[in-house]
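Novice: One structure is given below, represented as structure tokens, and several questions about it will come after.
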Amino acid sequence: MPAAAVSVLLVILLIVGLTSAYLWDKEYADNIVTIGKVALVLDEGSYTDSSIVAAGQTLPKAPSIKNTGTVDEYVFLSVAVPKKTVTLLYEETADGHRKGAKVYGDPREDELFRMIAEGGNTAAVTGNDNISKAFTYHAGTASATGWICLDSLTGEKTIDGEKYNVYYFGYNRRLFAKDNEQTLTLFDMVQLKSFIDEELTGDDRENYPVTVKLDSYAIQADKLGIDGLPEGGRQLDERPLEEWLLNEQQLTEIFGIVMRKQATA
């Protein structure tokens, strides 16, 4: 069976309308007002845009965010995974299933890509009805730094006439402006799932374009008006890590502010 060839395109929106989000800091003694800049860089490691990938093949794609501004920031990533109606195939022989056998029997609408995180502190997105562990990521916990999936925001969206499942993640502690701190990677590679390639049609099926969209967001970490958030004043190494770590509810509230600012920008 010939392998499907698709072109993985990357869409990056830096700060997403938050370039005008500033933290004002008054120096009362001299009556000077200084403006702190919110800025970030989305780093994807060795990923090459417009790569050609065959069914079952993996590509290095390791998104992380670096604080390049002058104030501490909370940062977020959204990942839009394209969906098509295809017949998924098992990629290896295991658990009584033969390699190349149909997973569901009939064609069904499903995500074309699997996101893979390697190493420790990994978790799978819950409520995902695709093949087991279709989206794994480097997860934060109550005692460890990492990403938190904002499950309540996850859902299907139509973007430019195409269907996607969109996942939202927040980094569970602030990125300090000092030393231009960088997050852990959200995941480390992407894999095109195996399916019957003839089911994807287009003007040029030999190079069928598919867009995986990653959007990154940043907002100042202090003075957000949310109860219970740790405020600045001392660096991380002067306070227990647990004092800086946020939970899903707190990150969802912060991301709500990001979206409201974006809507009015």
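Scheme for the structure tokens: letters A, B, ... for chains in order shown; per-chain residue numbers from 1; ligand numbers from 1 in order shown.
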Tell me, as a compact mmCIF listing (two decimals) with N, CA and C atoms, in the first residue's frame, which residues lie within 12 Å of range 136-142 of chain A, counting only C-alpha atoms; anything in the same chain fewer than 6 positions away does not count.
Specialist:
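What ended up in part_9.txt:
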# COMPACT_ATOMS: atom_id res chain seq x y z
N ALA A 62 9.30 20.06 18.87
CA ALA A 62 9.36 20.18 20.33
C ALA A 62 9.11 21.62 20.75
N PRO A 63 7.85 22.05 20.78
CA PRO A 63 7.57 23.45 21.09
C PRO A 63 7.82 23.81 22.55
N SER A 64 8.47 24.93 22.75
CA SER A 64 8.66 25.51 24.08
C SER A 64 8.62 27.02 23.93
N LEU A 77 0.05 27.63 25.32
CA LEU A 77 0.14 27.12 23.96
C LEU A 77 -1.19 26.49 23.57
N VAL A 79 -2.74 23.97 20.45
CA VAL A 79 -2.33 23.09 19.35
C VAL A 79 -3.60 22.65 18.62
N PHE A 113 -2.75 13.31 13.19
CA PHE A 113 -1.43 13.29 13.83
C PHE A 113 -1.52 12.88 15.29
N ARG A 114 -0.44 12.29 15.76
CA ARG A 114 -0.26 11.95 17.17
C ARG A 114 0.89 12.80 17.70
N MET A 115 0.70 13.42 18.88
CA MET A 115 1.76 14.19 19.53
C MET A 115 2.40 13.31 20.60
N ILE A 116 3.72 13.26 20.62
CA ILE A 116 4.43 12.31 21.48
C ILE A 116 5.41 13.05 22.38
N ALA A 117 5.30 12.82 23.68
CA ALA A 117 6.27 13.33 24.65
C ALA A 117 7.09 12.17 25.17
N GLU A 118 8.39 12.36 25.29
CA GLU A 118 9.29 11.31 25.75
C GLU A 118 9.85 11.66 27.12
N GLY A 119 10.25 10.63 27.87
CA GLY A 119 10.88 10.84 29.17
C GLY A 119 9.88 10.86 30.30
N GLY A 120 10.30 11.45 31.43
CA GLY A 120 9.48 11.44 32.63
C GLY A 120 8.41 12.53 32.63
N ASN A 121 7.52 12.43 33.64
CA ASN A 121 6.45 13.41 33.82
C ASN A 121 5.61 13.63 32.55
N THR A 122 5.25 12.52 31.89
CA THR A 122 4.38 12.64 30.72
C THR A 122 2.97 12.21 31.09
N ALA A 123 2.01 12.78 30.39
CA ALA A 123 0.60 12.44 30.60
C ALA A 123 -0.10 12.45 29.25
N ALA A 124 -1.22 11.76 29.18
CA ALA A 124 -2.03 11.75 27.97
C ALA A 124 -3.23 12.66 28.16
N VAL A 125 -3.64 13.33 27.10
CA VAL A 125 -4.84 14.16 27.17
C VAL A 125 -6.03 13.27 27.47
N THR A 126 -6.81 13.62 28.47
CA THR A 126 -7.97 12.83 28.83
C THR A 126 -9.14 13.17 27.91
N ASN A 128 -9.78 11.98 25.09
CA ASN A 128 -9.43 11.88 23.68
C ASN A 128 -9.91 10.53 23.16
N ILE A 148 -0.06 22.11 31.93
CA ILE A 148 -1.37 21.65 32.39
C ILE A 148 -2.35 21.77 31.23
N CYS A 149 -3.04 20.69 30.92
CA CYS A 149 -4.06 20.73 29.86
C CYS A 149 -5.31 21.41 30.40
N LEU A 150 -5.78 22.43 29.70
CA LEU A 150 -6.99 23.15 30.11
C LEU A 150 -8.18 22.45 29.45
N TYR A 167 -6.40 21.98 21.38
CA TYR A 167 -6.03 21.72 22.77
C TYR A 167 -5.29 22.94 23.33
N TYR A 168 -5.61 23.28 24.58
CA TYR A 168 -4.99 24.44 25.22
C TYR A 168 -4.19 23.98 26.44
N PHE A 169 -3.01 24.56 26.59
CA PHE A 169 -2.13 24.20 27.69
C PHE A 169 -1.57 25.46 28.33
N GLY A 170 -1.45 25.43 29.66
CA GLY A 170 -0.81 26.52 30.38
C GLY A 170 0.39 25.99 31.14
N TYR A 171 1.46 26.79 31.18
CA TYR A 171 2.64 26.40 31.95
C TYR A 171 2.36 26.73 33.41
N ASN A 172 2.65 25.79 34.32
CA ASN A 172 2.11 25.93 35.67
C ASN A 172 2.93 26.80 36.62
N ARG A 173 3.90 27.51 36.11
CA ARG A 173 4.50 28.58 36.92
C ARG A 173 4.98 29.69 36.00
N THR A 183 10.35 27.43 28.99
CA THR A 183 9.56 26.30 29.47
C THR A 183 10.19 24.97 29.06
N LEU A 184 9.70 23.91 29.67
CA LEU A 184 9.93 22.58 29.11
C LEU A 184 9.21 22.48 27.77
N THR A 185 9.62 21.54 26.94
CA THR A 185 8.87 21.31 25.71
C THR A 185 7.48 20.77 26.05
N LEU A 186 6.50 21.13 25.24
CA LEU A 186 5.16 20.58 25.44
C LEU A 186 5.15 19.11 25.04
N PHE A 187 5.69 18.79 23.88
CA PHE A 187 5.92 17.41 23.43
C PHE A 187 7.20 17.43 22.61
N ASP A 188 7.61 16.28 22.09
CA ASP A 188 8.92 16.18 21.45
C ASP A 188 8.88 15.81 19.97
N MET A 189 7.79 15.21 19.53
CA MET A 189 7.70 14.83 18.12
C MET A 189 6.24 14.67 17.73
N VAL A 190 6.02 14.67 16.41
CA VAL A 190 4.68 14.39 15.87
C VAL A 190 4.78 13.18 14.96
N GLN A 191 3.71 12.42 14.91
CA GLN A 191 3.66 11.24 14.05
C GLN A 191 2.40 11.28 13.21
N LEU A 241 9.33 25.68 45.62
CA LEU A 241 8.74 25.58 44.30
C LEU A 241 7.22 25.53 44.35
N GLU A 242 6.69 24.81 45.35
CA GLU A 242 5.24 24.63 45.43
C GLU A 242 4.49 25.96 45.55
N GLU A 243 5.16 26.99 46.07
CA GLU A 243 4.50 28.28 46.23
C GLU A 243 4.26 28.97 44.89
N TRP A 244 4.98 28.55 43.86
CA TRP A 244 4.84 29.18 42.55
C TRP A 244 3.93 28.42 41.61
N LEU A 245 3.61 27.17 41.92
CA LEU A 245 2.91 26.32 40.97
C LEU A 245 1.40 26.58 40.98
N LEU A 246 0.80 26.63 39.78
CA LEU A 246 -0.62 26.90 39.62
C LEU A 246 -1.36 25.63 39.22
N ASN A 247 -2.66 25.63 39.46
CA ASN A 247 -3.49 24.50 39.06
C ASN A 247 -4.29 24.85 37.80
N GLU A 248 -5.05 23.87 37.33
CA GLU A 248 -5.80 24.06 36.09
C GLU A 248 -6.81 25.20 36.19
N LEU A 251 -4.98 28.58 35.95
CA LEU A 251 -4.50 28.83 34.60
C LEU A 251 -5.65 29.13 33.64
Novice: Using only C-alpha atoms, which protein or nucleic acid residues come within 6 Å of range 86-91 of chain A? Drop anything in the same chain fewer than 5 positions from it, and give the result as a short mmCIF file (atom, residue, chain, number, x, y, z; two decimals) with C-alpha atoms, in the first residue's frame.
Specialist:
data_model
loop_
_atom_site.label_atom_id
_atom_site.label_comp_id
_atom_site.auth_asym_id
_atom_site.auth_seq_id
_atom_site.Cartn_x
_atom_site.Cartn_y
_atom_site.Cartn_z
CA LYS A 99 -0.10 -4.47 11.45
CA GLY A 100 -2.12 -2.76 8.74
CA ALA A 101 -5.47 -4.01 10.04
CA LYS A 102 -8.28 -1.50 10.36
CA VAL A 103 -8.64 0.07 13.81
CA PRO A 107 -13.83 5.30 7.88
CA ARG A 108 -14.44 7.85 10.61
CA SER A 194 -1.34 5.21 9.40
CA PHE A 195 -4.47 5.24 7.27
CA ILE A 196 -5.67 4.39 3.77
CA GLU A 199 -9.17 8.47 1.23
#
Novice: Report as a list in words all protein, DNA and RNA residues lying within 8 Å of Gly155 in chain A, evaluated on only C-alpha atoms, omitting residues in the same chain fewer than 2 positions from it.
Specialist: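 The neighbour list is Leu153, Lys157, Asn165, Val166 and Tyr167 of chain A.
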Novice: Filtering to N, CA and C atoms, could you give me those residues as a compact mmCIF listing (two decimals), in the first residue's frame?
Specialist:
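Written output follows (out13.txt):
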# COMPACT_ATOMS: atom_id res chain seq x y z
N LEU A 153 -11.46 23.95 27.92
CA LEU A 153 -11.39 24.78 26.72
C LEU A 153 -11.20 23.96 25.45
N LYS A 157 -12.96 22.91 16.34
CA LYS A 157 -13.14 24.21 15.71
C LYS A 157 -12.96 24.06 14.20
N ASN A 165 -9.25 19.56 16.08
CA ASN A 165 -9.39 19.51 17.53
C ASN A 165 -8.34 20.44 18.11
N VAL A 166 -8.77 21.39 18.94
CA VAL A 166 -7.85 22.38 19.48
C VAL A 166 -7.66 22.12 20.97
N TYR A 167 -6.40 21.98 21.38
CA TYR A 167 -6.03 21.72 22.77
C TYR A 167 -5.29 22.94 23.33
Novice: Name the residues of range 42-237 of chain A that come out as helix (DSSP H, G or I) in a backbone DSSP run; write them as a list in words.
Specialist: Asp151, Ser152, Leu153, Asp197, Glu198, Glu199, Arg205, Glu206, Asn207, Leu236 and Asp237 of chain A
Novice: For CA of Gly232 in chain A and CA of Glu44 in chain A, determine how far apart the two atoms are, in Å to one decimal place.
Specialist: 28.7 Å
Novice: Go through range 63-95 of chain A and collect every residue that DSSP, computed from the backbone, puts in strand (DSSP E); the answer should be as an mmCIF file with N, CA and C atoms, in the first residue's frame.
Specialist:
data_model
loop_
_atom_site.group_PDB
_atom_site.id
_atom_site.type_symbol
_atom_site.label_atom_id
_atom_site.label_comp_id
_atom_site.auth_asym_id
_atom_site.auth_seq_id
_atom_site.Cartn_x
_atom_site.Cartn_y
_atom_site.Cartn_z
ATOM 1 N N SER A 64 8.475 24.930 22.753
ATOM 2 C CA SER A 64 8.663 25.512 24.080
ATOM 3 C C SER A 64 8.617 27.022 23.929
ATOM 4 N N ILE A 65 8.430 27.726 25.039
ATOM 5 C CA ILE A 65 8.306 29.181 25.007
ATOM 6 C C ILE A 65 9.396 29.799 25.874
ATOM 7 N N LYS A 66 9.999 30.854 25.363
ATOM 8 C CA LYS A 66 11.031 31.594 26.088
ATOM 9 C C LYS A 66 10.534 33.006 26.374
ATOM 10 N N ASN A 67 10.717 33.446 27.603
ATOM 11 C CA ASN A 67 10.369 34.810 27.990
ATOM 12 C C ASN A 67 11.480 35.744 27.530
ATOM 13 N N GLU A 73 6.172 36.385 33.226
ATOM 14 C CA GLU A 73 5.018 36.086 32.381
ATOM 15 C C GLU A 73 4.423 34.717 32.705
ATOM 16 N N TYR A 74 3.124 34.594 32.475
ATOM 17 C CA TYR A 74 2.481 33.297 32.355
ATOM 18 C C TYR A 74 2.291 33.037 30.862
ATOM 19 N N VAL A 75 2.577 31.815 30.434
ATOM 20 C CA VAL A 75 2.541 31.517 29.001
ATOM 21 C C VAL A 75 1.639 30.316 28.727
ATOM 22 N N PHE A 76 1.114 30.286 27.502
ATOM 23 C CA PHE A 76 0.161 29.266 27.093
ATOM 24 C C PHE A 76 0.448 28.848 25.653
ATOM 25 N N LEU A 77 0.052 27.633 25.323
ATOM 26 C CA LEU A 77 0.142 27.121 23.961
ATOM 27 C C LEU A 77 -1.191 26.492 23.572
ATOM 28 N N SER A 78 -1.619 26.731 22.346
ATOM 29 C CA SER A 78 -2.740 25.971 21.792
ATOM 30 C C SER A 78 -2.226 25.184 20.598
ATOM 31 N N VAL A 79 -2.739 23.969 20.450
ATOM 32 C CA VAL A 79 -2.334 23.093 19.354
ATOM 33 C C VAL A 79 -3.597 22.653 18.622
ATOM 34 N N ALA A 80 -3.694 22.998 17.343
ATOM 35 C CA ALA A 80 -4.836 22.612 16.520
ATOM 36 C C ALA A 80 -4.423 21.444 15.642
ATOM 37 N N VAL A 81 -5.034 20.272 15.880
ATOM 38 C CA VAL A 81 -4.695 19.045 15.165
ATOM 39 C C VAL A 81 -5.754 18.789 14.102
ATOM 40 N N PRO A 82 -5.363 18.703 12.828
ATOM 41 C CA PRO A 82 -6.345 18.544 11.749
ATOM 42 C C PRO A 82 -7.079 17.208 11.812
ATOM 43 N N LYS A 83 -8.341 17.237 11.369
ATOM 44 C CA LYS A 83 -9.185 16.042 11.352
ATOM 45 C C LYS A 83 -9.662 15.775 9.922
ATOM 46 N N LYS A 84 -9.692 14.494 9.563
ATOM 47 C CA LYS A 84 -10.218 14.076 8.270
ATOM 48 C C LYS A 84 -10.959 12.748 8.456
ATOM 49 N N THR A 85 -11.809 12.405 7.507
ATOM 50 C CA THR A 85 -12.484 11.115 7.527
ATOM 51 C C THR A 85 -11.599 10.101 6.823
ATOM 52 N N VAL A 86 -11.003 9.207 7.612
ATOM 53 C CA VAL A 86 -10.061 8.216 7.085
ATOM 54 C C VAL A 86 -10.276 6.887 7.797
#
Novice: Name the closest residue to Gly146 in chain A among the candidates A:Ala134, A:Ile159, A:Leu175, A:Val210; distances are taken between atoms, counting only C-alpha atoms.
Specialist: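 Among A:Ala134, A:Ile159, A:Leu175, A:Val210, it is A:Leu175 that comes nearest to Gly146 in chain A.
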